[in-house]
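So this one's model.cif, mmCIF, C-alpha atoms:
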data_my_file
loop_
_atom_site.group_PDB
_atom_site.id
_atom_site.type_symbol
_atom_site.label_atom_id
_atom_site.label_comp_id
_atom_site.auth_asym_id
_atom_site.auth_seq_id
_atom_site.Cartn_x
_atom_site.Cartn_y
_atom_site.Cartn_z
ATOM 1 C CA MET S 259 87.237 111.583 90.293
ATOM 2 C CA ARG S 260 89.390 109.110 92.168
ATOM 3 C CA TYR S 261 93.205 109.340 91.879
ATOM 4 C CA VAL S 262 96.282 107.669 93.320
ATOM 5 C CA ILE S 263 99.925 108.822 93.221
ATOM 6 C CA VAL S 264 102.634 106.169 92.886
ATOM 7 C CA SER S 265 106.118 105.552 91.591
ATOM 8 C CA LYS S 266 106.028 102.866 88.927
ATOM 9 C CA VAL S 267 108.552 100.073 89.195
ATOM 10 C CA LYS S 268 110.014 99.614 85.747
ATOM 11 C CA GLY S 269 112.363 97.145 84.082
ATOM 12 C CA ALA S 270 112.996 93.593 85.297
ATOM 13 C CA ALA S 271 111.541 94.225 88.770
ATOM 14 C CA GLY S 272 108.288 95.570 87.328
ATOM 15 C CA SER S 273 108.026 92.664 84.891
ATOM 16 C CA PHE S 274 108.711 90.159 87.674
ATOM 17 C CA ASN S 275 106.036 91.720 89.892
ATOM 18 C CA GLU S 276 103.457 91.570 87.092
ATOM 19 C CA LYS S 277 104.355 87.934 86.366
ATOM 20 C CA ILE S 278 104.214 86.752 89.963
ATOM 21 C CA LYS S 279 100.939 88.638 90.600
ATOM 22 C CA ARG S 280 99.426 86.857 87.594
ATOM 23 C CA GLU S 281 100.698 83.460 88.782
ATOM 24 C CA VAL S 282 99.368 84.002 92.316
ATOM 25 C CA LEU S 283 96.009 85.054 90.877
ATOM 26 C CA ASN S 284 95.806 81.992 88.618
ATOM 27 C CA LYS S 285 97.070 79.481 91.176
ATOM 28 C CA PHE S 286 95.384 80.800 94.353
ATOM 29 C CA ASN S 287 92.709 83.232 93.100
ATOM 30 C CA ALA S 288 94.418 85.866 95.243
ATOM 31 C CA LYS S 289 94.122 89.330 93.785
ATOM 32 C CA SER S 290 96.220 92.448 94.000
ATOM 33 C CA SER S 291 95.834 96.033 92.920
ATOM 34 C CA LYS S 292 94.830 96.824 89.350
ATOM 35 C CA LEU S 293 97.791 99.194 89.226
ATOM 36 C CA PRO S 294 101.039 98.150 87.542
ATOM 37 C CA ALA S 295 104.063 97.410 89.763
ATOM 38 C CA HIS S 296 104.582 100.428 92.027
ATOM 39 C CA PHE S 297 105.168 101.770 95.479
ATOM 40 C CA THR S 298 102.524 104.138 96.743
ATOM 41 C CA ILE S 299 103.184 107.809 97.380
ATOM 42 C CA LYS S 300 99.575 108.867 98.128
ATOM 43 C CA ALA S 301 96.760 106.356 98.606
ATOM 44 C CA PRO S 302 93.556 106.856 96.587
ATOM 45 C CA PHE S 303 91.787 110.155 97.108
ATOM 46 C CA GLU S 304 88.866 112.023 95.556
ATOM 47 C CA SER S 305 89.135 115.350 93.744
ATOM 48 C CA GLU S 306 87.458 117.196 90.915
ATOM 49 C CA ASP S 307 90.540 119.320 90.194
ATOM 50 C CA ILE S 308 94.124 118.136 90.734
ATOM 51 C CA SER S 309 95.849 120.994 88.914
ATOM 52 C CA ARG S 310 97.535 122.209 92.141
ATOM 53 C CA ILE S 311 98.846 118.688 92.763
ATOM 54 C CA GLU S 312 100.160 118.479 89.206
ATOM 55 C CA HIS S 313 101.865 121.853 89.601
ATOM 56 C CA ALA S 314 103.476 120.792 92.900
ATOM 57 C CA ILE S 315 104.836 117.611 91.295
ATOM 58 C CA GLU S 316 106.101 119.490 88.212
ATOM 59 C CA GLU S 317 108.001 121.933 90.423
ATOM 60 C CA PHE S 318 109.332 119.123 92.592
ATOM 61 C CA CYS S 319 110.692 117.245 89.558
ATOM 62 C CA LYS S 320 112.630 120.335 88.460
ATOM 63 C CA THR S 321 114.683 120.298 91.656
ATOM 64 C CA HIS S 322 115.057 116.581 92.463
ATOM 65 C CA LYS S 323 117.011 113.834 90.759
ATOM 66 C CA LYS S 324 116.226 110.164 90.414
ATOM 67 C CA THR S 325 117.702 107.933 93.102
ATOM 68 C CA PRO S 326 118.516 104.213 93.099
ATOM 69 C CA TYR S 327 116.882 101.655 95.360
ATOM 70 C CA ILE S 328 116.822 97.891 95.722
ATOM 71 C CA ILE S 329 113.955 95.439 95.829
ATOM 72 C CA LYS S 330 115.095 92.430 97.814
ATOM 73 C CA ASN S 331 113.163 89.471 99.214
ATOM 74 C CA TYR S 332 109.601 89.379 100.483
ATOM 75 C CA ASP S 333 107.675 90.384 103.547
ATOM 76 C CA HIS S 334 104.061 90.678 104.619
ATOM 77 C CA PHE S 335 101.606 92.707 106.663
ATOM 78 C CA GLU S 336 100.189 90.055 108.981
ATOM 79 C CA ASP S 337 98.241 87.574 106.839
ATOM 80 C CA ARG S 338 96.669 90.333 104.706
ATOM 81 C CA VAL S 339 99.346 91.443 102.217
ATOM 82 C CA ILE S 340 102.408 89.787 100.669
ATOM 83 C CA TYR S 341 104.931 92.079 99.040
ATOM 84 C CA MET S 342 108.398 92.599 97.614
ATOM 85 C CA LYS S 343 110.572 94.593 100.050
ATOM 86 C CA VAL S 344 111.798 97.990 98.859
ATOM 87 C CA ILE S 345 115.093 99.126 100.355
ATOM 88 C CA LEU S 346 115.206 102.856 99.778
ATOM 89 C CA PRO S 347 118.600 104.326 100.792
ATOM 90 C CA LYS S 348 118.832 107.565 102.775
ATOM 91 C CA LYS S 349 119.007 109.753 99.651
ATOM 92 C CA GLY S 350 115.919 108.129 98.123
ATOM 93 C CA ARG S 351 114.042 108.353 101.403
ATOM 94 C CA GLN S 352 114.928 112.062 101.567
ATOM 95 C CA THR S 353 113.582 112.542 98.031
ATOM 96 C CA HIS S 354 110.374 110.783 99.033
ATOM 97 C CA ASP S 355 110.050 112.825 102.240
ATOM 98 C CA ASP S 356 110.642 116.064 100.323
ATOM 99 C CA LEU S 357 107.865 115.008 97.944
ATOM 100 C CA ILE S 358 105.495 114.340 100.856
ATOM 101 C CA GLU S 359 106.330 117.823 102.203
ATOM 102 C CA SER S 360 105.645 119.362 98.809
ATOM 103 C CA LEU S 361 102.344 117.504 98.379
ATOM 104 C CA SER S 362 101.310 118.306 101.952
ATOM 105 C CA SER S 363 101.381 121.981 101.010
ATOM 106 C CA VAL S 364 98.401 121.308 98.737
ATOM 107 C CA SER S 365 95.534 121.798 101.189
ATOM 108 C CA MET S 366 93.285 119.166 99.622
ATOM 109 C CA LEU S 367 95.749 116.335 100.365
ATOM 110 C CA THR S 368 96.108 114.722 103.755
ATOM 111 C CA PHE S 369 98.382 111.810 104.571
ATOM 112 C CA LYS S 370 97.518 109.080 107.046
ATOM 113 C CA GLU S 371 100.282 107.877 109.352
ATOM 114 C CA ASN S 372 101.018 104.773 107.244
ATOM 115 C CA GLU S 373 101.332 106.722 103.988
ATOM 116 C CA GLY S 374 103.509 109.662 104.965
ATOM 117 C CA LYS S 375 107.212 109.883 105.625
ATOM 118 C CA ASP S 376 107.592 106.807 107.831
ATOM 119 C CA LYS S 377 105.820 104.301 105.603
ATOM 120 C CA ILE S 378 107.024 100.804 104.841
ATOM 121 C CA PHE S 379 108.003 100.888 101.175
ATOM 122 C CA HIS S 380 106.757 97.813 99.352
ATOM 123 C CA VAL S 381 105.531 96.445 96.024
ATOM 124 C CA THR S 382 102.406 94.362 96.574
ATOM 125 C CA ILE S 383 102.047 90.849 95.180
ATOM 126 C CA ALA S 384 98.764 89.773 96.783
ATOM 127 C CA SER S 385 96.362 91.687 98.996
ATOM 128 C CA LYS S 386 92.834 90.466 98.403
ATOM 129 C CA LYS S 387 91.320 87.154 99.488
ATOM 130 C CA ILE S 388 94.567 85.757 100.899
ATOM 131 C CA ARG S 389 93.947 85.124 104.616
ATOM 132 C CA ASP S 390 92.768 81.537 104.127
ATOM 133 C CA LYS S 391 95.643 80.788 101.735
ATOM 134 C CA PHE S 392 98.336 82.965 103.235
ATOM 135 C CA LYS S 393 100.818 80.193 104.099
ATOM 136 C CA GLU S 394 100.516 78.508 100.692
ATOM 137 C CA ILE S 395 100.969 81.810 98.847
ATOM 138 C CA TRP S 396 103.855 82.813 101.127
ATOM 139 C CA ASP S 397 105.615 79.486 100.554
ATOM 140 C CA TYR S 398 105.003 79.745 96.798
ATOM 141 C CA VAL S 399 106.441 83.239 96.281
ATOM 142 C CA ASN S 400 109.480 82.410 98.400
ATOM 143 C CA ASN S 401 110.487 79.846 95.773
ATOM 144 C CA PHE S 402 111.490 82.723 93.484
ATOM 145 C CA PRO S 403 114.635 84.806 93.990
ATOM 146 C CA CYS S 404 113.859 88.478 94.333
ATOM 147 C CA GLU S 405 116.650 91.029 94.067
ATOM 148 C CA TYR S 406 116.529 93.976 91.685
ATOM 149 C CA GLU S 407 118.214 97.337 91.264
ATOM 150 C CA CYS S 408 115.695 100.056 90.447
ATOM 151 C CA ASP S 409 115.409 103.820 90.162
ATOM 152 C CA PHE S 410 112.965 106.117 91.910
ATOM 153 C CA ASP S 411 112.663 108.075 88.666
ATOM 154 C CA ASN S 412 108.973 108.819 88.235
ATOM 155 C CA ILE S 413 105.901 110.110 89.993
ATOM 156 C CA SER S 414 102.776 108.802 88.319
ATOM 157 C CA ILE S 415 99.151 109.777 88.793
ATOM 158 C CA TYR S 416 96.495 107.204 87.963
ATOM 159 C CA ARG S 417 92.771 107.872 87.650
ATOM 160 C CA TRP S 418 90.013 105.330 88.314
ATOM 161 C CA VAL S 419 88.125 104.918 85.028
ATOM 162 C CA ASP S 420 85.847 102.077 83.880
ATOM 163 C CA ASN S 421 86.593 99.965 86.951
ATOM 164 C CA THR S 422 90.377 100.106 86.589
ATOM 165 C CA TRP S 423 93.327 102.449 87.145
ATOM 166 C CA LYS S 424 94.470 104.275 84.004
ATOM 167 C CA LEU S 425 97.605 106.387 83.749
ATOM 168 C CA TYR S 426 96.592 110.026 83.931
ATOM 169 C CA ARG S 427 100.035 111.618 83.948
ATOM 170 C CA GLU S 428 103.645 110.612 84.550
ATOM 171 C CA PHE S 429 106.343 113.002 85.760
ATOM 172 C CA GLU S 430 110.032 112.153 85.491
ATOM 173 C CA LEU S 431 112.689 113.085 88.016
ATOM 174 C CA GLU S 432 115.832 114.665 86.561
#
How does this structure look as C-alpha cells?
Amino acid sequence: MRYVIVSKVKGAAGSFNEKIKREVLNKFNAKSSKLPAHFTIKAPFESEDISRIEHAIEEFCKTHKKTPYIIKNYDHFEDRVIYMKVILPKKGRQTHDDLIESLSSVSMLTFKENEGKDKIFHVTIASKKIRDKFKEIWDYVNNFPCEYECDFDNISIYRWVDNTWKLYREFELE
C-alpha cells in the first residue's frame, strides 16, 4: 500500500487553499495534489504494515502540544510549483523536527534531504502542468490576499485507494 504523512491545514486557510486550487484547475487546467490542504511530513512511501509508524505517532502525540503557525503570501519552486508560504515559528519547527526524529527511528522510513528537518514548509496550490502557464497562474493567485493563523495540531496518514488519497488515520497533538 502507498501512504503519505501530512498535517492538514484546517479552518479558513484550508478552505481558501481548496477554493484557489479549484479555481486554478478550472481556469488554467493546472492540477495539484489530490490531498486536502496540508503540509507534508513524509512524502509518499510503500508499506504493507505501518503499525510501527502509527505507534510512533501515537507516542509522539502524548508528549507534544499543538503549535501555532502563519500562512502568509505565496512563493514557488522555479516554474514547477506555486504554493502558500508556511511560517512555522521556532517552537513549531522544533515539534516538526522532533517528529522527524521519532519517525526516523522506524527503520522502514527514510527521509530525503528536502523532506526532513530543513524542508521548506508550504501548502501547494498548483504543481502539475504549470510550466507553460506559470506566469499567468502566478499573476492570478497574487490577486488574492493570503494571511492566515493556523495550528500544527494534527498528524494525518492518507492511503492511496481507488486513484485518490483517502484519510487512513488522524492523530491530534495535545
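Taking CA of Tyr341 in chain S and CA of Cys319 in chain S as endpoints, the distance between them is 27.5 Å.
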Computed gap from CA of Lys277 in chain S to CA of Thr382 in chain S is 12.2 Å
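Atom pair CA of Glu432 in chain S / CA of Asp355 in chain S: separated by 16.8 Å.
In this comparison, which uses all atoms listed in the file, the residue of S:Tyr416, S:Trp396, S:Ser291, S:Thr368 approaching Glu428 in chain S most closely is S:Tyr416.
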Considering all atoms listed in the file, return as a ChimeraX atom specification whatever protein or nucleic-acid residues lie within 10 Å of range 343-346 of chain S, sequence-local ones (same chain, fewer than 2 positions apart) excluded. /S:297,325-334,340-341,348-354,378-382,404-410
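You can rank S:Val339, S:Ala301, S:Val364, S:Ala295 by their closest distance to Lys393 in chain S using only C-alpha atoms, and at the top of that list sits S:Val339.
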Nearest to Ser365 in chain S among S:Arg389, S:Arg310, S:Lys324, S:Arg260, with distances taken over only C-alpha atoms: which residue is it? S:Arg310
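If only C-alpha atoms are the atoms counted, then among S:Ile358, S:Leu293, S:Ala384, S:Leu283 the closest residue to Tyr261 in chain S is S:Leu293.
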